[in-house]
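Here is the file query_14.csv (CSV, N, CA and C atoms).
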chain,number,residue,atom,x,y,z
A,1,MET,N,8.3,-10.4,-5.2
A,1,MET,CA,7.0,-10.0,-4.7
A,1,MET,C,6.4,-9.0,-5.6
A,2,GLY,N,5.2,-9.1,-6.1
A,2,GLY,CA,4.5,-8.1,-6.9
A,2,GLY,C,4.1,-6.9,-6.1
A,3,SER,N,4.0,-5.8,-6.7
A,3,SER,CA,3.6,-4.6,-6.0
A,3,SER,C,2.3,-4.6,-5.4
A,4,VAL,N,1.4,-5.5,-5.9
A,4,VAL,CA,0.1,-5.6,-5.3
A,4,VAL,C,0.1,-6.0,-3.9
A,5,THR,N,1.1,-6.8,-3.5
A,5,THR,CA,1.2,-7.3,-2.1
A,5,THR,C,2.2,-6.4,-1.3
A,6,TRP,N,2.8,-5.5,-2.0
A,6,TRP,CA,3.9,-4.8,-1.3
A,6,TRP,C,3.5,-4.0,-0.1
A,7,VAL,N,2.4,-3.3,-0.1
A,7,VAL,CA,2.0,-2.5,1.0
A,7,VAL,C,1.6,-3.5,2.2
A,8,ALA,N,0.8,-4.5,1.9
A,8,ALA,CA,0.4,-5.4,2.9
A,8,ALA,C,1.6,-6.2,3.5
A,9,ALA,N,2.5,-6.6,2.6
A,9,ALA,CA,3.6,-7.4,3.1
A,9,ALA,C,4.6,-6.6,3.9
A,10,ARG,N,4.8,-5.3,3.5
A,10,ARG,CA,5.8,-4.5,4.2
A,10,ARG,C,5.3,-4.1,5.6
A,11,VAL,N,4.0,-3.7,5.7
A,11,VAL,CA,3.6,-3.2,7.0
A,11,VAL,C,3.2,-4.3,8.0
A,12,ARG,N,3.0,-5.5,7.5
A,12,ARG,CA,2.6,-6.6,8.3
A,12,ARG,C,1.3,-6.3,9.1
A,13,SER,N,0.5,-5.4,8.5
A,13,SER,CA,-0.8,-5.0,9.2
A,13,SER,C,-1.9,-5.7,8.5
A,14,CYS,N,-1.7,-6.1,7.2
A,14,CYS,CA,-2.8,-6.7,6.4
A,14,CYS,C,-2.3,-8.1,5.9
A,15,PRO,N,-3.3,-9.0,5.7
A,15,PRO,CA,-2.9,-10.2,5.1
A,15,PRO,C,-2.3,-10.0,3.7
A,16,ARG,N,-1.4,-10.9,3.3
A,16,ARG,CA,-0.9,-10.8,1.9
A,16,ARG,C,-1.9,-11.2,0.9
A,17,GLY,N,-2.0,-10.4,-0.1
A,17,GLY,CA,-2.9,-10.8,-1.2
A,17,GLY,C,-2.1,-11.6,-2.3
A,18,GLN,N,-2.8,-12.0,-3.4
A,18,GLN,CA,-2.2,-12.6,-4.5
A,18,GLN,C,-1.3,-11.6,-5.2
A,19,GLY,N,-0.1,-11.9,-5.6
A,19,GLY,CA,0.7,-11.0,-6.3
A,19,GLY,C,0.6,-11.1,-7.8
A,20,PHE,N,0.7,-9.9,-8.4
A,20,PHE,CA,0.8,-9.8,-9.9
A,20,PHE,C,2.1,-9.2,-10.1
A,21,SER,N,3.1,-10.0,-10.6
A,21,SER,CA,4.4,-9.5,-10.7
A,21,SER,C,4.6,-8.4,-11.8
A,22,PRO,N,5.2,-7.3,-11.4
A,22,PRO,CA,5.5,-6.3,-12.4
A,22,PRO,C,6.7,-6.6,-13.2
A,23,LEU,N,6.8,-6.0,-14.4
A,23,LEU,CA,8.0,-6.2,-15.2
A,23,LEU,C,9.2,-5.5,-14.6
A,24,ALA,N,8.9,-4.4,-14.0
A,24,ALA,CA,10.0,-3.6,-13.3
A,24,ALA,C,9.3,-2.7,-12.2
A,25,SER,N,10.1,-2.5,-11.2
A,25,SER,CA,9.6,-1.6,-10.1
A,25,SER,C,10.8,-1.0,-9.4
A,26,THR,N,10.5,0.1,-8.7
A,26,THR,CA,11.5,0.8,-7.9
A,26,THR,C,10.8,1.3,-6.6
A,27,THR,N,11.5,1.2,-5.5
A,27,THR,CA,11.0,1.6,-4.2
A,27,THR,C,11.9,2.5,-3.5
A,28,ALA,N,11.3,3.5,-2.8
A,28,ALA,CA,12.0,4.4,-2.0
A,28,ALA,C,11.4,4.3,-0.6
A,29,ALA,N,12.1,4.2,0.5
A,29,ALA,CA,11.5,4.1,1.8
A,29,ALA,C,12.2,5.0,2.8
A,30,TRP,N,11.5,5.4,3.8
A,30,TRP,CA,12.0,6.2,4.9
A,30,TRP,C,11.4,5.5,6.2
A,31,GLU,N,12.3,5.3,7.2
A,31,GLU,CA,11.8,4.8,8.5
A,31,GLU,C,12.6,5.5,9.5
A,32,GLY,N,11.9,6.1,10.5
A,32,GLY,CA,12.5,6.8,11.6
A,32,GLY,C,12.9,5.9,12.7
A,33,GLU,N,13.1,6.4,13.9
A,33,GLU,CA,13.4,5.7,15.1
A,33,GLU,C,12.3,4.6,15.3
A,34,SER,N,12.5,3.6,16.2
A,34,SER,CA,11.5,2.6,16.4
A,34,SER,C,10.2,3.3,16.9
A,35,ASP,N,9.1,2.7,16.5
A,35,ASP,CA,7.8,3.2,16.9
A,35,ASP,C,7.5,4.6,16.3
A,36,THR,N,8.1,4.9,15.2
A,36,THR,CA,7.7,6.2,14.5
A,36,THR,C,7.2,5.9,13.1
A,37,ALA,N,6.8,6.9,12.5
A,37,ALA,CA,6.2,6.8,11.1
A,37,ALA,C,7.1,6.2,10.1
A,38,ARG,N,6.6,5.5,9.2
A,38,ARG,CA,7.3,5.0,8.1
A,38,ARG,C,6.7,5.4,6.8
A,39,ALA,N,7.4,5.7,5.8
A,39,ALA,CA,6.9,6.1,4.5
A,39,ALA,C,7.6,5.4,3.4
A,40,ARG,N,6.8,5.0,2.3
A,40,ARG,CA,7.3,4.3,1.2
A,40,ARG,C,6.6,4.8,-0.1
A,41,TYR,N,7.4,4.7,-1.2
A,41,TYR,CA,6.8,5.0,-2.5
A,41,TYR,C,7.3,3.9,-3.4
A,42,ARG,N,6.4,3.3,-4.2
A,42,ARG,CA,6.8,2.3,-5.1
A,42,ARG,C,6.1,2.6,-6.4
A,43,VAL,N,6.8,2.5,-7.5
A,43,VAL,CA,6.2,2.6,-8.8
A,43,VAL,C,6.6,1.3,-9.6
A,44,SER,N,5.6,0.7,-10.3
A,44,SER,CA,5.8,-0.5,-11.0
A,44,SER,C,5.2,-0.4,-12.4
A,45,THR,N,5.7,-1.2,-13.3
A,45,THR,CA,5.1,-1.3,-14.6
A,45,THR,C,4.8,-2.7,-14.9
A,46,TYR,N,3.7,-2.9,-15.6
A,46,TYR,CA,3.2,-4.3,-15.9
A,46,TYR,C,3.2,-4.5,-17.4
A,47,GLY,N,3.0,-5.7,-17.9
A,47,GLY,CA,3.1,-6.0,-19.3
A,47,GLY,C,1.9,-5.4,-20.1
A,48,THR,N,0.8,-5.3,-19.4
A,48,THR,CA,-0.4,-4.7,-20.1
A,48,THR,C,-1.2,-3.8,-19.1
A,49,GLY,N,-2.0,-3.0,-19.7
A,49,GLY,CA,-2.9,-2.2,-18.9
A,49,GLY,C,-3.9,-3.0,-18.0
A,50,ALA,N,-4.3,-4.2,-18.6
A,50,ALA,CA,-5.2,-5.1,-17.9
A,50,ALA,C,-4.5,-5.7,-16.7
A,51,ALA,N,-3.2,-6.0,-16.8
A,51,ALA,CA,-2.4,-6.6,-15.7
A,51,ALA,C,-2.3,-5.5,-14.6
A,52,ALA,N,-2.0,-4.3,-15.0
A,52,ALA,CA,-1.9,-3.2,-14.0
A,52,ALA,C,-3.2,-3.0,-13.3
A,53,ALA,N,-4.3,-3.0,-14.0
A,53,ALA,CA,-5.7,-2.9,-13.4
A,53,ALA,C,-6.0,-4.0,-12.5
A,54,LYS,N,-5.5,-5.2,-12.8
A,54,LYS,CA,-5.7,-6.3,-11.8
A,54,LYS,C,-4.9,-6.1,-10.5
A,55,ALA,N,-3.7,-5.6,-10.7
A,55,ALA,CA,-2.9,-5.3,-9.5
A,55,ALA,C,-3.6,-4.2,-8.6
A,56,VAL,N,-4.1,-3.2,-9.3
A,56,VAL,CA,-4.8,-2.1,-8.5
A,56,VAL,C,-6.0,-2.7,-7.8
A,57,GLU,N,-6.8,-3.5,-8.5
A,57,GLU,CA,-8.0,-4.2,-7.9
A,57,GLU,C,-7.6,-5.0,-6.7
A,58,GLN,N,-6.5,-5.8,-6.8
A,58,GLN,CA,-6.1,-6.7,-5.7
A,58,GLN,C,-5.6,-5.9,-4.5
A,59,LEU,N,-4.9,-4.8,-4.8
A,59,LEU,CA,-4.4,-4.0,-3.7
A,59,LEU,C,-5.6,-3.3,-3.0
A,60,ASP,N,-6.6,-2.9,-3.8
A,60,ASP,CA,-7.8,-2.3,-3.2
A,60,ASP,C,-8.5,-3.4,-2.3
A,61,ARG,N,-8.7,-4.6,-2.7
A,61,ARG,CA,-9.3,-5.6,-1.9
A,61,ARG,C,-8.5,-5.9,-0.6
A,62,THR,N,-7.2,-5.9,-0.8
A,62,THR,CA,-6.3,-6.2,0.4
A,62,THR,C,-6.4,-5.1,1.4
A,63,LEU,N,-6.4,-3.9,1.0
A,63,LEU,CA,-6.5,-2.8,1.9
A,63,LEU,C,-7.8,-2.7,2.6
A,64,VAL,N,-8.9,-2.8,1.8
A,64,VAL,CA,-10.2,-2.7,2.4
A,64,VAL,C,-10.5,-3.9,3.3
A,65,GLY,N,-9.9,-5.1,3.0
A,65,GLY,CA,-10.1,-6.3,3.7
A,65,GLY,C,-9.4,-6.3,5.1
A,66,CYS,N,-8.4,-5.4,5.3
A,66,CYS,CA,-7.7,-5.3,6.6
A,66,CYS,C,-8.1,-4.1,7.4
A,67,GLY,N,-9.2,-3.4,7.0
A,67,GLY,CA,-9.8,-2.3,7.8
A,67,GLY,C,-9.4,-0.9,7.3
A,68,VAL,N,-8.7,-0.8,6.2
A,68,VAL,CA,-8.3,0.5,5.7
A,68,VAL,C,-9.4,0.9,4.7
A,69,GLU,N,-10.0,2.0,4.9
A,69,GLU,CA,-11.2,2.4,4.0
A,69,GLU,C,-10.8,3.3,2.9
A,70,ARG,N,-11.5,3.1,1.8
A,70,ARG,CA,-11.2,4.0,0.6
A,70,ARG,C,-11.8,5.3,0.9
A,71,ALA,N,-11.0,6.4,0.9
A,71,ALA,CA,-11.5,7.7,1.2
A,71,ALA,C,-11.9,8.5,0.0
A,72,VAL,N,-11.1,8.3,-1.1
A,72,VAL,CA,-11.4,9.1,-2.3
A,72,VAL,C,-11.0,8.1,-3.5
A,73,GLY,N,-11.8,8.2,-4.6
A,73,GLY,CA,-11.5,7.5,-5.8
A,73,GLY,C,-12.0,6.0,-5.7
A,74,GLU,N,-12.0,5.4,-6.9
A,74,GLU,CA,-12.4,4.0,-7.0
A,74,GLU,C,-11.8,3.3,-8.2
A,75,PRO,N,-10.9,2.4,-8.1
A,75,PRO,CA,-10.1,2.1,-6.9
A,75,PRO,C,-8.9,2.9,-6.8
A,76,ASP,N,-8.4,3.6,-7.9
A,76,ASP,CA,-7.4,4.6,-7.7
A,76,ASP,C,-7.8,5.6,-6.7
A,77,GLY,N,-6.9,6.1,-5.9
A,77,GLY,CA,-7.3,7.1,-4.9
A,77,GLY,C,-6.6,7.0,-3.6
A,78,GLU,N,-7.3,7.4,-2.5
A,78,GLU,CA,-6.7,7.5,-1.2
A,78,GLU,C,-7.4,6.5,-0.3
A,79,TYR,N,-6.7,5.9,0.6
A,79,TYR,CA,-7.2,5.0,1.6
A,79,TYR,C,-6.6,5.4,2.9
A,80,THR,N,-7.4,5.3,4.0
A,80,THR,CA,-7.0,5.6,5.3
A,80,THR,C,-7.7,4.8,6.3
A,81,GLY,N,-7.0,4.5,7.4
A,81,GLY,CA,-7.7,3.8,8.5
A,81,GLY,C,-6.7,3.1,9.4
A,82,VAL,N,-7.3,2.5,10.5
A,82,VAL,CA,-6.5,1.8,11.4
A,82,VAL,C,-6.6,0.3,11.0
A,83,THR,N,-5.5,-0.3,10.9
A,83,THR,CA,-5.5,-1.7,10.4
A,83,THR,C,-5.9,-2.7,11.5
A,84,GLU,N,-6.6,-3.7,11.0
A,84,GLU,CA,-7.0,-4.8,12.0
A,84,GLU,C,-5.7,-5.6,12.3
A,85,GLY,N,-5.6,-6.1,13.5
A,85,GLY,CA,-4.5,-6.8,13.9
A,85,GLY,C,-3.5,-5.9,14.7
A,86,THR,N,-2.7,-5.1,14.0
A,86,THR,CA,-1.7,-4.3,14.7
A,86,THR,C,-2.2,-3.0,15.2
A,87,GLY,N,-3.3,-2.5,14.6
A,87,GLY,CA,-3.8,-1.2,15.0
A,87,GLY,C,-3.0,0.0,14.5
A,88,ASP,N,-2.2,-0.2,13.5
A,88,ASP,CA,-1.4,0.9,12.9
A,88,ASP,C,-2.3,1.8,12.1
A,89,GLN,N,-2.0,3.1,12.1
A,89,GLN,CA,-2.7,4.0,11.2
A,89,GLN,C,-2.0,3.9,9.8
A,90,LEU,N,-2.8,3.7,8.8
A,90,LEU,CA,-2.2,3.5,7.4
A,90,LEU,C,-2.9,4.4,6.5
A,91,ASN,N,-2.1,5.3,5.8
A,91,ASN,CA,-2.6,6.1,4.7
A,91,ASN,C,-1.9,5.8,3.4
A,92,VAL,N,-2.7,5.5,2.4
A,92,VAL,CA,-2.2,5.1,1.1
A,92,VAL,C,-2.8,5.9,0.0
A,93,ILE,N,-1.9,6.3,-1.0
A,93,ILE,CA,-2.4,7.0,-2.2
A,93,ILE,C,-2.0,6.1,-3.3
A,94,MET,N,-2.9,5.7,-4.1
A,94,MET,CA,-2.6,4.8,-5.3
A,94,MET,C,-3.0,5.5,-6.6
A,95,THR,N,-2.1,5.5,-7.5
A,95,THR,CA,-2.4,6.1,-8.8
A,95,THR,C,-1.9,5.1,-9.9
A,96,SER,N,-2.8,5.0,-10.9
A,96,SER,CA,-2.4,4.1,-12.0
A,96,SER,C,-2.6,4.9,-13.3
A,97,TRP,N,-1.7,4.6,-14.3
A,97,TRP,CA,-1.8,5.2,-15.6
A,97,TRP,C,-1.2,4.2,-16.6
A,98,GLY,N,-2.1,3.7,-17.5
A,98,GLY,CA,-1.7,2.7,-18.5
A,98,GLY,C,-1.1,1.5,-17.8
A,99,THR,N,0.1,1.2,-18.1
A,99,THR,CA,0.7,0.0,-17.5
A,99,THR,C,1.5,0.2,-16.2
A,100,TRP,N,1.4,1.4,-15.7
A,100,TRP,CA,2.1,1.8,-14.5
A,100,TRP,C,1.2,2.0,-13.3
A,101,VAL,N,1.7,1.6,-12.1
A,101,VAL,CA,1.0,1.8,-10.8
A,101,VAL,C,1.9,2.4,-9.8
A,102,GLY,N,1.5,3.5,-9.2
A,102,GLY,CA,2.3,4.1,-8.1
A,102,GLY,C,1.6,4.0,-6.8
A,103,VAL,N,2.3,3.7,-5.7
A,103,VAL,CA,1.7,3.6,-4.4
A,103,VAL,C,2.6,4.4,-3.4
A,104,VAL,N,1.9,5.3,-2.7
A,104,VAL,CA,2.6,6.0,-1.6
A,104,VAL,C,1.9,5.5,-0.3
A,105,GLU,N,2.7,5.1,0.6
A,105,GLU,CA,2.2,4.6,1.9
A,105,GLU,C,2.8,5.3,3.1
A,106,VAL,N,2.0,5.7,4.1
A,106,VAL,CA,2.5,6.2,5.3
A,106,VAL,C,1.9,5.4,6.4
A,107,GLN,N,2.7,4.9,7.3
A,107,GLN,CA,2.3,4.0,8.4
A,107,GLN,C,2.8,4.6,9.7
A,108,LEU,N,1.8,4.7,10.7
A,108,LEU,CA,2.2,5.2,12.0
A,108,LEU,C,1.8,4.0,13.0
A,109,PRO,N,2.8,3.4,13.6
A,109,PRO,CA,2.5,2.3,14.5
A,109,PRO,C,1.6,2.8,15.7
A,110,ALA,N,0.7,1.8,16.1
A,110,ALA,CA,-0.3,2.1,17.1
A,110,ALA,C,0.4,2.7,18.4
A,111,GLU,N,1.5,2.2,18.8
A,111,GLU,CA,2.1,2.6,20.1
A,111,GLU,C,2.6,4.1,20.0
A,112,SER,N,2.8,4.6,18.8
A,112,SER,CA,3.3,6.0,18.8
A,112,SER,C,2.2,7.0,18.5
A,113,ARG,N,0.9,6.6,18.3
A,113,ARG,CA,-0.2,7.5,18.1
A,113,ARG,C,-0.7,8.1,19.4
A,114,ASP,N,-1.1,9.4,19.3
A,114,ASP,CA,-1.7,10.0,20.5
A,114,ASP,C,-3.1,9.5,20.6
A,115,ASN,N,-3.5,9.2,21.9
A,115,ASN,CA,-4.9,8.7,22.1
A,115,ASN,C,-5.9,9.8,22.2
Let's see the structure in the file written out as structure tokens.
Amino acid sequence: MGSVTWVAARVRSCPRGQGFSPLASTTAAWEGESDTARARYRVSTYGTGAAAAKAVEQLDRTLVGCGVERAVGEPDGEYTGVTEGTGDQLNVIMTSWGTWVGVVEVQLPAESRDN
């Protein structure tokens, strides 16, 4: 699975987008007790800067398409919102440089949020 679909696929809060497979990637994840926050960081490298830019654009479309709004930057930057479908709070920071794309995701399930 390409990193462009990684956030959407892992949180199951957004529909899966088209993947652009990276040449290499690494992921670190933290998940607490059930119904608690989850955090993940993934960095991927692509064959060209253009391929990395396509991955960033696709992730941007996937996030915005499921109700998570771009808060800062375009399309690199910060995204935040309540996802359609599951109602999870999702905060994402995306950074790209050359052929590299880094994504930090924090997800708080709907049932554990204070109303």
For this session: Measuring atom to atom with only C-alpha atoms, identify which of A:Gly49, A:Gly67, A:Gly73, A:Pro109 is nearest to A:Thr86.
Result: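 Looking at the shortest contact to A:Thr86, the residue is A:Pro109.
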Problem set entry | Given all atoms listed in the file as the counted atoms, nearest of A:Ser25, A:Thr83, A:Thr36, A:Thr45 to A:Thr99 |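 Closest candidate: A:Thr45.
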Problem set entry | Atomic separation - atom CA of A:Glu57 relative to atom N of A:Gly98, Å |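 Rounded to one decimal, the two atoms are 13.8 Å apart.
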Problem set entry | Residue neighbourhood A:Arg70, 10 Å, only C-alpha atoms, exclusion window fewer than 5 positions, as a ChimeraX atom specification | /A:60,63-64,75-81,91-93
For the residues in that selection, give me N, CA and C atoms as a compact mmCIF listing (two decimals), in the frame of the given file.
# COMPACT_ATOMS: atom_id res chain seq x y z
N ASP A 60 -6.60 -2.90 -3.80
CA ASP A 60 -7.80 -2.30 -3.20
C ASP A 60 -8.50 -3.40 -2.30
N LEU A 63 -6.40 -3.90 1.00
CA LEU A 63 -6.50 -2.80 1.90
C LEU A 63 -7.80 -2.70 2.60
N VAL A 64 -8.90 -2.80 1.80
CA VAL A 64 -10.20 -2.70 2.40
C VAL A 64 -10.50 -3.90 3.30
N PRO A 75 -10.90 2.40 -8.10
CA PRO A 75 -10.10 2.10 -6.90
C PRO A 75 -8.90 2.90 -6.80
N ASP A 76 -8.40 3.60 -7.90
CA ASP A 76 -7.40 4.60 -7.70
C ASP A 76 -7.80 5.60 -6.70
N GLY A 77 -6.90 6.10 -5.90
CA GLY A 77 -7.30 7.10 -4.90
C GLY A 77 -6.60 7.00 -3.60
N GLU A 78 -7.30 7.40 -2.50
CA GLU A 78 -6.70 7.50 -1.20
C GLU A 78 -7.40 6.50 -0.30
N TYR A 79 -6.70 5.90 0.60
CA TYR A 79 -7.20 5.00 1.60
C TYR A 79 -6.60 5.40 2.90
N THR A 80 -7.40 5.30 4.00
CA THR A 80 -7.00 5.60 5.30
C THR A 80 -7.70 4.80 6.30
N GLY A 81 -7.00 4.50 7.40
CA GLY A 81 -7.70 3.80 8.50
C GLY A 81 -6.70 3.10 9.40
N ASN A 91 -2.10 5.30 5.80
CA ASN A 91 -2.60 6.10 4.70
C ASN A 91 -1.90 5.80 3.40
N VAL A 92 -2.70 5.50 2.40
CA VAL A 92 -2.20 5.10 1.10
C VAL A 92 -2.80 5.90 0.00
N ILE A 93 -1.90 6.30 -1.00
CA ILE A 93 -2.40 7.00 -2.20
C ILE A 93 -2.00 6.10 -3.30
Exercise. Expressed in Å to a single decimal, how great is the separation between atom C of A:Thr26 and atom CA of A:Val56?
Worked result: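 Answer for the atom C of A:Thr26 to atom CA of A:Val56 separation: 16.1 Å.
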For this session: Figure out the distance between atom C of A:Glu33 and atom C of A:Arg61, please, to one decimal in Å.
Result: 28.2 Å
